[in-house]
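Engineer: Just query_7.cif, nothing more (mmCIF, C-alpha atoms):
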data_query
#
loop_
_atom_site.label_atom_id
_atom_site.label_comp_id
_atom_site.auth_asym_id
_atom_site.auth_seq_id
_atom_site.Cartn_x
_atom_site.Cartn_y
_atom_site.Cartn_z
CA MET A 1442 75.64 35.30 -1.66
CA LEU A 1443 77.92 32.41 -0.79
CA PHE A 1444 79.80 34.30 1.92
CA ASP A 1445 79.49 37.56 3.86
CA GLU A 1446 81.92 39.75 5.79
CA LYS A 1447 81.92 37.59 8.91
CA ASP A 1448 83.07 34.60 6.85
CA TYR A 1449 86.18 36.49 5.78
CA ARG A 1450 87.33 36.73 9.41
CA VAL A 1451 88.81 33.25 9.19
CA PHE A 1452 91.63 34.71 7.13
CA ASP A 1453 94.49 36.15 9.15
CA ASN A 1454 95.65 38.77 6.65
CA ALA A 1455 94.30 41.19 4.06
CA ASP A 1456 96.06 39.39 1.18
CA SER A 1457 94.15 36.19 1.90
CA ARG A 1458 90.82 38.00 2.20
CA ASN A 1459 91.37 39.80 -1.11
CA TYR A 1460 92.51 36.59 -2.81
CA PHE A 1461 89.34 34.81 -1.71
CA LYS A 1462 87.14 37.74 -2.80
CA GLU A 1463 88.78 37.58 -6.22
CA ILE A 1464 87.76 33.91 -6.50
CA LEU A 1465 84.18 34.80 -5.60
CA GLN A 1466 84.09 37.64 -8.11
CA SER A 1467 85.20 35.21 -10.80
CA TYR A 1468 82.46 32.79 -9.75
CA TYR A 1469 79.73 35.47 -9.80
CA SER A 1470 80.92 36.45 -13.28
CA GLN A 1471 80.36 32.82 -14.32
CA ASN A 1472 84.01 32.35 -15.17
CA TYR A 1473 83.97 28.85 -13.72
CA ARG A 1474 87.22 27.55 -15.23
CA ALA A 1475 89.09 30.60 -13.96
CA THR A 1476 87.36 30.20 -10.59
CA ILE A 1477 88.67 26.67 -10.10
CA VAL A 1478 92.19 27.56 -11.28
CA LEU A 1479 92.27 30.51 -8.87
CA LEU A 1480 90.82 28.41 -6.07
CA TYR A 1481 93.53 25.77 -6.44
CA SER A 1482 96.27 28.42 -6.40
CA PHE A 1483 94.74 30.01 -3.32
CA VAL A 1484 94.52 26.69 -1.47
CA ILE A 1485 98.23 26.11 -2.14
CA TYR A 1486 98.96 29.63 -0.91
CA ASP A 1487 96.84 29.05 2.20
CA LEU A 1488 98.59 25.76 2.98
CA PHE A 1489 101.96 27.44 2.50
CA ILE A 1490 100.99 30.17 5.02
CA LYS A 1491 99.90 27.45 7.46
CA LEU A 1492 103.24 25.72 6.94
CA GLN A 1493 105.01 28.97 7.78
CA THR A 1494 102.92 29.36 10.93
CA MET A 1495 103.83 25.87 12.09
CA ALA A 1496 107.51 26.47 11.35
CA ASN A 1497 107.50 29.79 13.20
CA GLU A 1498 106.01 28.05 16.23
CA GLY A 1499 108.84 25.54 16.39
CA TYR A 1500 107.48 22.47 14.63
CA LYS A 1501 110.72 20.87 13.39
CA LYS A 1502 109.20 18.99 10.45
CA ALA A 1503 107.56 22.19 9.24
CA GLU A 1504 110.82 24.11 9.63
CA LYS A 1505 112.68 21.54 7.54
CA LYS A 1506 110.02 21.42 4.84
CA LEU A 1507 109.73 25.20 4.64
CA LYS A 1508 113.48 25.48 4.14
CA GLU A 1509 113.34 22.90 1.33
CA ILE A 1510 110.48 24.67 -0.42
CA ASN A 1511 112.11 28.09 -0.16
CA THR A 1512 115.25 26.61 -1.72
CA MET A 1513 113.17 25.17 -4.58
CA ILE A 1514 111.59 28.58 -5.17
CA GLU A 1515 115.00 30.29 -5.18
CA ASP A 1516 116.25 27.69 -7.68
CA ASP A 1517 113.30 28.40 -10.00
CA GLU A 1518 111.96 24.88 -9.59
CA LYS A 1519 108.78 24.19 -11.49
CA TYR A 1520 105.83 25.60 -9.59
CA SER A 1521 103.97 22.30 -9.94
CA LYS A 1522 106.73 20.59 -7.96
CA VAL A 1523 106.52 23.24 -5.25
CA GLU A 1524 102.76 22.71 -5.09
CA ASN A 1525 103.21 18.97 -4.78
CA GLU A 1526 105.71 19.39 -1.94
CA VAL A 1527 103.28 21.60 0.00
CA ILE A 1528 100.39 19.19 -0.48
CA GLN A 1529 102.46 16.12 0.31
CA PHE A 1530 103.66 17.62 3.59
CA PHE A 1531 100.09 17.92 4.85
CA LYS A 1532 99.17 14.50 3.49
CA ASP A 1533 102.08 12.93 5.38
CA ASN A 1534 101.83 14.87 8.63
CA CYS A 1535 98.24 16.06 9.01
CA PRO A 1536 96.04 13.62 7.05
CA LEU A 1537 93.30 13.56 9.69
CA TYR A 1538 93.51 17.19 10.74
CA PHE A 1539 91.66 18.63 7.75
CA ASP A 1540 88.34 16.87 7.27
CA LYS A 1541 88.57 14.75 4.10
CA PHE A 1542 91.79 16.52 3.18
CA ILE A 1543 93.36 13.89 0.93
CA GLU A 1544 90.18 13.27 -1.07
CA ASP A 1545 89.32 16.96 -1.39
CA ILE A 1546 92.75 18.23 -2.38
CA ASP A 1547 93.27 15.48 -4.97
CA TYR A 1548 89.84 16.13 -6.46
CA LEU A 1549 90.48 19.88 -6.63
CA ARG A 1550 93.88 19.34 -8.27
CA ASN A 1551 92.32 17.05 -10.86
CA CYS A 1552 89.63 19.63 -11.65
CA ARG A 1553 92.21 22.40 -11.85
CA ASN A 1554 94.24 20.36 -14.36
CA LYS A 1555 91.16 19.76 -16.49
CA CYS A 1556 90.39 23.50 -16.48
CA ALA A 1557 93.94 24.53 -17.36
CA HIS A 1558 94.77 21.93 -20.04
CA LEU A 1559 93.28 20.40 -23.17
CA LYS A 1560 91.83 16.92 -22.90
CA VAL A 1561 94.29 14.58 -24.60
CA ASN A 1562 91.75 12.49 -26.48
CA ASP A 1563 89.79 15.20 -28.29
CA ASN A 1564 91.60 18.51 -27.64
CA SER A 1565 88.46 19.92 -25.98
CA LEU A 1566 88.24 22.10 -22.92
CA PHE A 1567 86.68 21.03 -19.65
CA VAL A 1568 83.72 23.28 -18.82
CA PRO A 1569 82.57 23.11 -15.17
CA ASN A 1570 79.07 24.26 -14.32
CA ASP A 1571 77.81 26.58 -11.60
CA TYR A 1572 77.17 23.81 -9.08
CA HIS A 1573 80.59 22.29 -9.68
CA ALA A 1574 82.42 25.58 -8.99
CA ARG A 1575 80.24 26.46 -6.02
CA MET A 1576 80.68 23.02 -4.48
CA LEU A 1577 84.47 23.24 -4.73
CA ILE A 1578 84.60 26.72 -3.20
CA CYS A 1579 82.41 25.70 -0.25
CA SER A 1580 84.28 22.45 0.27
CA MET A 1581 87.68 24.15 0.32
CA TYR A 1582 86.38 26.87 2.64
CA ASP A 1583 84.87 24.39 5.11
CA HIS A 1584 87.63 21.78 5.12
CA ILE A 1585 90.84 23.74 4.55
CA LEU A 1586 90.65 27.53 4.33
CA SER A 1587 88.64 28.08 7.52
CA VAL A 1588 90.74 25.60 9.52
CA LYS A 1589 93.56 27.05 11.57
CA ALA A 1590 97.10 25.81 11.05
CA PRO A 1591 97.66 22.38 12.61
CA PHE A 1592 99.29 22.87 15.97
CA ILE A 1593 102.56 21.54 17.26
CA MET A 1594 102.62 18.87 19.97
CA ASP A 1595 103.74 21.04 22.88
CA LEU A 1596 101.21 23.79 23.58
CA PHE A 1597 103.00 25.06 26.68
CA SER A 1598 106.14 26.01 24.77
CA ILE A 1599 104.07 28.31 22.55
CA ALA A 1600 101.60 29.64 25.10
CA GLN A 1601 104.00 30.61 27.89
CA SER A 1602 103.55 34.34 27.36
CA ASP A 1603 99.76 34.00 27.59
CA VAL A 1604 100.10 31.83 30.69
CA GLU A 1605 102.07 34.63 32.33
CA GLU A 1606 99.61 37.28 31.19
CA TYR A 1607 96.64 35.36 32.59
CA ALA A 1608 98.56 34.83 35.82
CA GLU A 1609 98.77 38.60 36.12
CA SER A 1610 95.17 39.37 35.12
CA ILE A 1611 93.37 36.62 37.08
CA SER A 1612 93.48 37.79 40.69
CA HIS A 1613 91.75 34.77 42.23
CA ILE A 1614 90.24 31.44 41.28
CA PRO A 1615 86.45 31.40 41.64
CA ARG A 1616 84.69 28.22 42.64
CA ASN A 1617 82.12 28.61 39.88
CA GLY A 1618 84.75 28.19 37.17
CA LEU A 1619 86.74 30.25 34.70
CA ASP A 1620 85.40 33.41 33.09
CA ASN A 1621 83.85 32.53 29.73
CA SER A 1622 85.70 35.26 27.85
CA VAL A 1623 89.07 33.84 28.93
CA LYS A 1624 88.00 30.32 28.09
CA LYS A 1625 86.76 31.35 24.65
CA ALA A 1626 89.97 33.23 23.90
CA ILE A 1627 92.13 30.19 24.71
CA ILE A 1628 89.91 27.86 22.73
CA GLU A 1629 89.86 30.08 19.65
CA LYS A 1630 93.56 30.93 19.69
CA TYR A 1631 94.97 27.52 20.57
CA LEU A 1632 92.72 24.54 21.22
CA LYS A 1633 90.87 24.49 17.92
CA ARG A 1634 94.21 24.00 16.20
CA MET A 1635 95.15 20.81 18.02
CA THR A 1636 94.87 17.17 17.10
CA TYR A 1637 93.82 14.66 19.74
CA ASP A 1638 97.39 13.44 20.25
CA SER A 1639 98.83 16.94 20.66
CA PHE A 1640 95.93 17.84 22.93
CA LYS A 1641 96.53 14.78 25.11
CA LYS A 1642 100.23 15.51 25.47
CA SER A 1643 99.64 19.17 26.26
CA TYR A 1644 96.82 18.48 28.72
CA LYS A 1645 99.12 16.20 30.67
CA THR A 1646 101.75 18.94 30.73
CA PHE A 1647 99.39 21.61 32.02
CA ILE A 1648 97.88 19.39 34.73
CA ARG A 1649 101.37 18.42 35.91
CA LEU A 1650 102.58 22.02 36.01
CA LEU A 1651 99.40 23.21 37.71
CA LEU A 1652 99.02 20.54 40.39
CA VAL A 1653 102.29 18.65 40.80
CA SER A 1654 105.34 20.73 39.92
CA ASP A 1655 107.23 22.51 42.70
CA ASP A 1656 109.01 24.81 40.23
CA GLU A 1657 108.84 28.41 41.47
CA LYS A 1658 107.76 29.72 38.06
CA CYS A 1659 104.86 27.27 37.98
CA ILE A 1660 103.71 28.30 41.43
CA LYS A 1661 104.02 31.96 40.51
CA ASN A 1662 101.90 31.44 37.38
CA ILE A 1663 99.30 29.05 38.80
CA CYS A 1664 96.37 31.24 37.79
CA GLY A 1665 97.59 31.24 34.20
CA LEU A 1666 98.13 27.48 34.21
CA TYR A 1667 94.65 27.08 35.71
CA ALA A 1668 93.13 29.13 32.88
CA PHE A 1669 94.57 26.73 30.31
CA ALA A 1670 93.87 23.53 32.28
CA PHE A 1671 90.24 24.54 32.88
CA SER A 1672 89.72 25.58 29.25
CA MET A 1673 91.27 22.35 27.98
CA THR A 1674 89.07 20.24 30.26
CA ASP A 1675 85.99 22.09 29.06
CA TYR A 1676 86.99 21.85 25.41
CA ALA A 1677 87.77 18.13 25.64
CA LEU A 1678 84.36 17.27 27.07
CA LYS A 1679 82.43 19.48 24.67
CA ASN A 1680 84.27 18.18 21.61
CA GLY A 1681 84.07 14.44 22.16
CA TYR A 1682 87.52 13.90 23.70
CA THR A 1683 86.00 11.89 26.56
CA SER A 1684 88.53 9.09 26.09
CA LEU A 1685 91.17 11.59 27.26
CA PHE A 1686 90.08 10.93 30.84
CA THR A 1687 90.63 7.20 30.52
CA GLU A 1688 94.17 7.57 29.16
CA GLU A 1689 96.67 6.06 31.60
CA THR A 1690 99.13 8.91 31.12
CA ILE A 1691 96.46 11.43 32.12
CA ILE A 1692 95.21 9.41 35.08
CA ASP A 1693 98.78 8.90 36.29
CA VAL A 1694 99.48 12.62 36.49
CA PHE A 1695 96.34 13.18 38.59
CA TYR A 1696 97.48 10.35 40.86
CA LYS A 1697 100.77 12.19 41.37
CA VAL A 1698 98.98 15.09 43.04
CA THR A 1699 99.76 14.96 46.77
CA VAL A 1700 98.30 16.57 49.86
CA ASP A 1701 101.66 18.19 50.52
CA SER A 1702 101.63 19.81 47.09
CA LEU A 1703 98.27 21.39 47.96
CA LYS A 1704 98.50 22.25 51.66
CA ASP A 1705 100.86 25.19 51.49
CA ILE A 1706 99.56 26.69 48.24
CA SER A 1707 95.93 27.77 48.65
CA VAL A 1708 95.62 29.00 45.05
CA ARG A 1709 96.67 25.56 43.81
CA VAL A 1710 94.07 23.70 45.87
CA ASN A 1711 91.47 26.25 44.77
CA ALA A 1712 92.39 25.52 41.14
CA LEU A 1713 91.89 21.81 41.71
CA ILE A 1714 88.58 22.40 43.51
CA SER A 1715 87.32 24.57 40.65
CA ILE A 1716 88.12 21.92 38.03
CA ILE A 1717 86.79 18.86 39.88
CA THR A 1718 83.56 20.50 41.02
CA SER A 1719 82.92 21.77 37.49
CA TYR A 1720 83.69 18.47 35.74
CA PRO A 1721 82.55 15.21 37.41
CA VAL A 1722 84.79 13.11 35.14
CA VAL A 1723 87.85 14.72 36.73
CA MET A 1724 86.29 14.39 40.19
CA ASP A 1725 86.01 10.63 39.56
CA ILE A 1726 89.74 10.44 38.82
CA ILE A 1727 90.65 12.41 41.94
CA ARG A 1728 88.30 10.26 44.02
CA GLU A 1729 90.66 7.35 43.35
CA ASN A 1730 93.50 9.42 44.81
CA GLU A 1731 92.05 8.83 48.27
CA ALA A 1732 94.35 11.01 50.37
CA VAL A 1733 93.87 14.02 48.10
CA PHE A 1734 90.12 13.47 47.78
CA ASP A 1735 89.72 13.21 51.55
CA TYR A 1736 91.76 16.37 52.13
CA VAL A 1737 90.01 18.43 49.46
CA SER A 1738 86.47 17.27 50.28
CA LYS A 1739 86.88 18.12 53.95
CA ARG A 1740 88.46 21.46 53.13
CA VAL A 1741 85.49 22.36 50.94
CA LEU A 1742 82.55 20.81 52.75
CA THR A 1743 83.44 21.91 56.26
CA ASN A 1744 83.21 25.50 55.09
CA PRO A 1745 79.73 27.08 54.82
CA LEU A 1746 80.66 28.47 51.40
CA GLY A 1747 81.48 24.99 50.14
CA LEU A 1748 78.74 22.91 51.75
CA SER A 1749 76.53 23.42 48.68
CA LEU A 1750 79.07 21.33 46.73
CA TYR A 1751 78.30 18.21 48.78
CA ARG A 1752 76.66 16.40 45.86
CA ALA A 1753 79.58 17.24 43.57
CA PHE A 1754 81.82 15.25 45.91
CA TYR A 1755 79.29 12.56 46.85
CA PRO A 1756 76.78 12.24 43.98
CA ARG A 1757 75.83 8.67 44.87
CA GLU A 1758 75.96 8.95 48.66
CA SER A 1759 72.69 8.03 50.44
CA LYS A 1760 73.56 10.38 53.30
CA SER A 1761 71.97 13.81 52.83
CA VAL A 1762 73.79 17.12 53.00
CA TYR A 1763 71.90 17.86 56.23
CA MET A 1764 73.21 14.66 57.81
CA TYR A 1765 76.73 15.55 56.65
CA PHE A 1766 76.32 18.94 58.28
CA LYS A 1767 75.21 17.40 61.59
CA GLU A 1768 78.16 15.03 61.60
CA ASN A 1769 80.60 17.92 61.05
CA VAL A 1770 78.80 20.70 62.88
CA THR A 1771 81.84 21.82 64.88
CA ALA A 1772 83.50 22.95 61.67
CA TYR A 1773 80.80 25.51 60.89
CA ASP A 1774 80.28 29.08 61.98
CA VAL A 1775 76.97 30.20 63.55
CA SER A 1776 77.33 33.53 61.75
CA CYS A 1777 76.56 31.58 58.57
CA SER A 1778 73.25 30.20 59.88
CA ARG A 1779 71.29 31.57 56.95
CA MET A 1780 73.77 30.35 54.33
CA ILE A 1781 73.87 26.84 55.74
CA TYR A 1782 70.08 26.78 56.02
CA GLU A 1783 69.70 27.59 52.32
CA THR A 1784 71.94 24.61 51.53
CA VAL A 1785 70.42 21.98 53.84
CA LYS A 1786 66.73 22.92 53.89
CA GLU A 1787 65.80 20.78 50.85
CA SER A 1788 67.09 17.57 52.43
CA GLU A 1789 64.32 15.08 53.13
CA ASP A 1790 65.52 14.64 56.71
CA PHE A 1791 65.86 18.36 57.42
CA ASP A 1792 64.34 19.40 60.74
CA LEU A 1793 64.12 23.16 61.29
CA PRO A 1794 63.64 23.06 65.12
CA GLU A 1795 66.58 20.69 65.42
CA TYR A 1796 68.68 22.90 63.15
CA ILE A 1797 67.95 26.04 65.16
CA LEU A 1798 68.78 24.27 68.42
CA ILE A 1799 72.10 23.19 66.91
CA MET A 1800 72.85 26.75 65.90
CA VAL A 1801 71.96 28.38 69.23
CA LYS A 1802 74.24 25.90 70.99
CA MET A 1803 77.06 26.91 68.62
CA ILE A 1804 77.10 30.53 69.84
CA PRO A 1805 80.50 30.93 71.55
CA THR A 1806 80.63 31.71 75.28
CA TYR A 1807 83.28 34.35 74.58
CA ASN A 1808 83.71 36.83 71.72
CA GLY A 1809 80.28 35.75 70.58
CA PHE A 1810 78.30 38.99 70.30
CA ASP A 1811 78.40 39.09 66.49
CA ASP A 1812 77.49 35.41 66.23
CA ALA A 1813 74.58 35.93 68.60
CA ASP A 1814 73.39 38.88 66.49
CA CYS A 1815 73.49 36.74 63.35
CA PHE A 1816 71.68 33.89 65.04
CA MET A 1817 68.88 36.04 66.43
CA SER A 1818 68.30 37.67 63.04
CA PHE A 1819 67.91 34.22 61.47
CA PHE A 1820 65.84 32.88 64.40
CA LYS A 1821 63.30 35.72 64.26
CA GLU A 1822 62.78 35.17 60.52
CA HIS A 1823 61.52 31.63 61.23
CA LEU A 1824 59.36 32.07 64.33
CA GLU A 1825 56.18 31.29 62.42
CA GLU A 1826 57.61 27.92 61.37
CA LEU A 1827 58.26 26.88 64.97
CA SER A 1828 55.97 25.75 67.76
CA ILE A 1829 55.75 27.65 71.03
CA GLU A 1830 57.63 24.79 72.68
CA ASP A 1831 60.39 24.98 70.07
CA ILE A 1832 60.83 28.72 70.64
CA GLU A 1833 60.91 28.34 74.41
CA SER A 1834 63.53 25.57 74.13
CA VAL A 1835 65.73 27.84 72.03
CA MET A 1836 65.29 30.78 74.43
CA LYS A 1837 66.23 28.63 77.41
CA ILE A 1838 69.62 27.87 75.83
CA TYR A 1839 69.91 31.48 74.66
CA ARG A 1840 69.43 32.89 78.17
CA SER A 1841 72.16 30.63 79.55
CA ASN A 1842 74.85 32.32 77.40
CA GLY A 1843 76.10 35.70 78.54
CA GLN A 1844 77.30 36.47 75.00
CA CYS A 1845 73.63 36.48 74.03
CA THR A 1846 72.13 38.33 76.99
CA ASN A 1847 74.83 40.98 77.31
CA ARG A 1848 74.51 42.18 73.74
CA ALA A 1849 73.33 45.68 72.92
CA ARG A 1850 70.48 44.16 70.85
CA ASN A 1851 69.39 41.68 73.52
CA ASP A 1852 66.52 43.68 75.03
CA ASP A 1853 65.01 44.51 71.65
CA ASP A 1854 65.33 40.91 70.39
CA VAL A 1855 63.84 39.42 73.56
CA ALA A 1856 60.99 41.94 73.55
CA GLU A 1857 60.17 41.05 69.94
CA ILE A 1858 60.12 37.32 70.69
CA LYS A 1859 58.06 37.86 73.90
CA LYS A 1860 55.53 39.82 71.88
CA TYR A 1861 55.29 36.99 69.36
CA LEU A 1862 54.81 34.43 72.14
CA ASP A 1863 52.14 36.55 73.83
CA GLU A 1864 50.25 36.85 70.56
CA HIS A 1865 50.45 33.17 69.71
CA THR A 1866 50.28 31.35 73.02
CA PRO A 1867 46.78 29.88 73.50
CA GLU A 1868 44.89 31.40 76.43
CA THR A 1869 44.09 29.09 79.34
CA ASP A 1870 40.78 28.99 81.19
CA ASP A 1871 41.51 30.04 84.83
CA SER A 1872 38.20 28.47 86.04
CA GLU A 1873 39.41 25.00 85.23
#
Starting from the coordinates I provided, produce the structure as structure tokens.
Structural biologist:
Amino acid sequence: MLFDEKDYRVFDNADSRNYFKEILQSYYSQNYRATIVLLYSFVIYDLFIKLQTMANEGYKKAEKKLKEINTMIEDDEKYSKVENEVIQFFKDNCPLYFDKFIEDIDYLRNCRNKCAHLKVNDNSLFVPNDYHARMLICSMYDHILSVKAPFIMDLFSIAQSDVEEYAESISHIPRNGLDNSVKKAIIEKYLKRMTYDSFKKSYKTFIRLLLVSDDEKCIKNICGLYAFAFSMTDYALKNGYTSLFTEETIIDVFYKVTVDSLKDISVRVNALISIITSYPVVMDIIRENEAVFDYVSKRVLTNPLGLSLYRAFYPRESKSVYMYFKENVTAYDVSCSRMIYETVKESEDFDLPEYILIMVKMIPTYNGFDDADCFMSFFKEHLEELSIEDIESVMKIYRSNGQCTNRARNDDDVAEIKKYLDEHTPETDDSE
């Protein structure tokens, strides 16, 4: 079998699926001349449907050409002329969109003419073989039939309704990136139908609306704009559009992002954080926007939840994440002792006793009961990794803070630590 049911899904309507099945039935019956004639007619039909799609989506050239062709059909113009107009439109406007389009369509038309007409020199019929027919069917399927209609230049004008729908359905922007199902839906419905030039123009539009514009509608629909901007970034990198991120027009729009445009709109800064921490090439562009990079990096890295992203912001920095933590320790919360530990423990310069001393000193001297509870839970988990002297140094600081000693859990925690010390403190010889 050349094709199965899943291959028919590329066709958007039942008429197209049935038309293609008819071609295959002719091929399996070894009616190869009829197969090629049918295939050519179907390719013209498919291109005409694509032309209608483009016209319906507002592509002015397609609208004009569709009107001309419909007039020709109404005037009973020769069908061959109508065919030529359809083909010529795609040759003129989308020559690089369909892979090998010009060569393939001209070759198919030539074969169709041979199958439908006598050869002039000897009045004989052209008889294609099995391979010839099969090759043409597969080529047309791969290079034309299975390719979505070429897209217009301005994606936003067509996708506004989906932007608004995603803005409603996406409740927050996660730091680990966009949900794969949303990304796949956008790629399949829109991005696969775009040329590089239309993609570049549309990417610039979405980044500007997401990160720069102060229009109320843009701010209201930031989550929807983020869904498209993230998907487009992902698609560009996975499909070889790496030069997109060296285009001056793209770089310029990232440079137009300001701290003021981010400060008062937390969802907007979260959208930027999600994109730049997921895609280093965008991070490199933002890094050149020094004020924004400084603001965003501090916002992320001085939060225990964001400290794990240190290397995303500073991939070539010799300073370790543990050193960064020590230099910014006042920005962290002792209740996150365990979370921070999991982030910094692999640093070559990590020092557990030093880290625990830093944390015990961070317990507030007022409203600190919960922090002290969190600290002691973490501290007790690591007693075996500390020396007796280390533990006693921590307990000395602990006992000096009333928020530690006045807790409901204090007696139990202290008793547990005393028991550990009693069991692990070397006995001394009283005779000496």
Engineer: What does the distance between atom CA of A:Tyr1473 and atom CA of A:Tyr1582 come to in Å, to one decimal place?
Structural biologist: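 Atom-to-atom, atom CA of A:Tyr1473 to atom CA of A:Tyr1582, that is 16.7 Å.
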Engineer: Just to confirm, what's the straight-line distance from atom CA of A:Asn1472 to atom CA of A:Glu1518 in Å (one decimal)?
Structural biologist: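 A separation of 29.5 Å between them.
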Engineer: For atom CA of A:Ile1706 and atom CA of A:Ile1648, quote the distance in Å rounded to one decimal.
Structural biologist: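 For atom CA of A:Ile1706 relative to atom CA of A:Ile1648, the distance reads 15.4 Å.
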Engineer: Go ahead and find all residues with at least one atom no further than 12 Å from (92.3, 24.4, -3.4) in the file's coordinates, using all atoms listed in the file; report them as a PyMOL selection string.
Structural biologist: chain A and resi 1461+1464+1476-1489+1524+1527-1528+1542-1554+1574+1576-1586
Engineer: Take the PyMOL selection byres ((chain A and resi 1506) around 12), apply it to the structure above, and return the hits as a list of chain:residue names.
Structural biologist: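 Here the PyMOL selection byres ((chain A and resi 1506) around 12) matches A:Phe1489, A:Leu1492, A:Gln1493, A:Met1495, A:Ala1496, A:Tyr1500, A:Lys1501, A:Lys1502, A:Ala1503, A:Glu1504, A:Lys1505, A:Leu1507, A:Lys1508, A:Glu1509, A:Ile1510, A:Asn1511, A:Thr1512, A:Met1513, A:Val1523, A:Glu1526, A:Val1527, A:Ile1528, A:Gln1529, A:Phe1530, A:Phe1531, A:Asp1533, A:Asn1534.
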Engineer: Quick one: residues within 10 Å of stretch 1680-1691 of chain A, all atoms listed in the file, excluding same-chain residues fewer than 4 positions away - as a PyMOL selection string?
Structural biologist: chain A and resi 1633+1637-1638+1640-1642+1644-1646+1648-1649+1674-1676+1695-1696+1722-1723+1725-1726
Engineer: Enumerate, as number ranges by chain, the protein, DNA and RNA residues whose atoms approach (93.0, 6.7, 43.2) to within 10 Å, taking into account all atoms listed in the file and the coordinate frame of the file.
Structural biologist: A: 1692-1693, 1695-1697, 1725-1734
Engineer: Could those selected residues go to a file with C-alpha atoms, as a CSV table (one decimal), keeping the file's coordinate frame?
Structural biologist:
chain,number,residue,atom,x,y,z
A,1692,ILE,CA,95.2,9.4,35.1
A,1693,ASP,CA,98.8,8.9,36.3
A,1695,PHE,CA,96.3,13.2,38.6
A,1696,TYR,CA,97.5,10.4,40.9
A,1697,LYS,CA,100.8,12.2,41.4
A,1725,ASP,CA,86.0,10.6,39.6
A,1726,ILE,CA,89.7,10.4,38.8
A,1727,ILE,CA,90.6,12.4,41.9
A,1728,ARG,CA,88.3,10.3,44.0
A,1729,GLU,CA,90.7,7.4,43.4
A,1730,ASN,CA,93.5,9.4,44.8
A,1731,GLU,CA,92.0,8.8,48.3
A,1732,ALA,CA,94.4,11.0,50.4
A,1733,VAL,CA,93.9,14.0,48.1
A,1734,PHE,CA,90.1,13.5,47.8
Engineer: Name every residue that the PyMOL selection byres ((chain A and resi 1766) around 10) selects in this structure, writing the answer as a list in words with chains first and numbers rising.
Structural biologist: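 Taken over the shown coordinates, the PyMOL selection byres ((chain A and resi 1766) around 10) returns Leu1742, Thr1743, Pro1745, Leu1748, Tyr1751, Ser1761, Val1762, Tyr1763, Met1764, Tyr1765, Lys1767, Glu1768, Asn1769, Val1770, Thr1771, Ala1772, Tyr1773, Ile1781, Thr1784, Val1785 and Tyr1796 of chain A.
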Engineer: Residues of stretch 1724-1792 of chain A within 12 Å of stretch 1813-1823 of chain A: nearest atom pair and distance (Å, one decimal) for each, counting all atoms listed in the file, sorted by chain and number, as JSON lines?
Structural biologist:
{"residue": "A:Asp1774", "atom": "CA", "partner": "A:Phe1816", "partner_atom": "CA", "distance": 10.3}
{"residue": "A:Val1775", "atom": "CA", "partner": "A:Phe1816", "partner_atom": "CA", "distance": 6.6}
{"residue": "A:Ser1776", "atom": "CA", "partner": "A:Cys1815", "partner_atom": "CA", "distance": 5.3}
{"residue": "A:Cys1777", "atom": "CA", "partner": "A:Cys1815", "partner_atom": "CA", "distance": 7.7}
{"residue": "A:Ser1778", "atom": "CA", "partner": "A:Phe1816", "partner_atom": "CA", "distance": 6.5}
{"residue": "A:Arg1779", "atom": "CA", "partner": "A:Phe1819", "partner_atom": "CA", "distance": 6.2}
{"residue": "A:Met1780", "atom": "CA", "partner": "A:Phe1819", "partner_atom": "CA", "distance": 10.0}
{"residue": "A:Ile1781", "atom": "CA", "partner": "A:Phe1819", "partner_atom": "CA", "distance": 11.1}
{"residue": "A:Tyr1782", "atom": "CA", "partner": "A:Phe1819", "partner_atom": "CA", "distance": 9.5}
{"residue": "A:Glu1783", "atom": "CA", "partner": "A:Phe1819", "partner_atom": "CA", "distance": 11.4}
Engineer: I need the output of the PyMOL selection byres ((chain A and resi 1568) around 9) for this file as JSON, numbers by chain; which residues are they?
Structural biologist: {"A": [1473, 1474, 1555, 1556, 1566, 1567, 1569, 1570]}
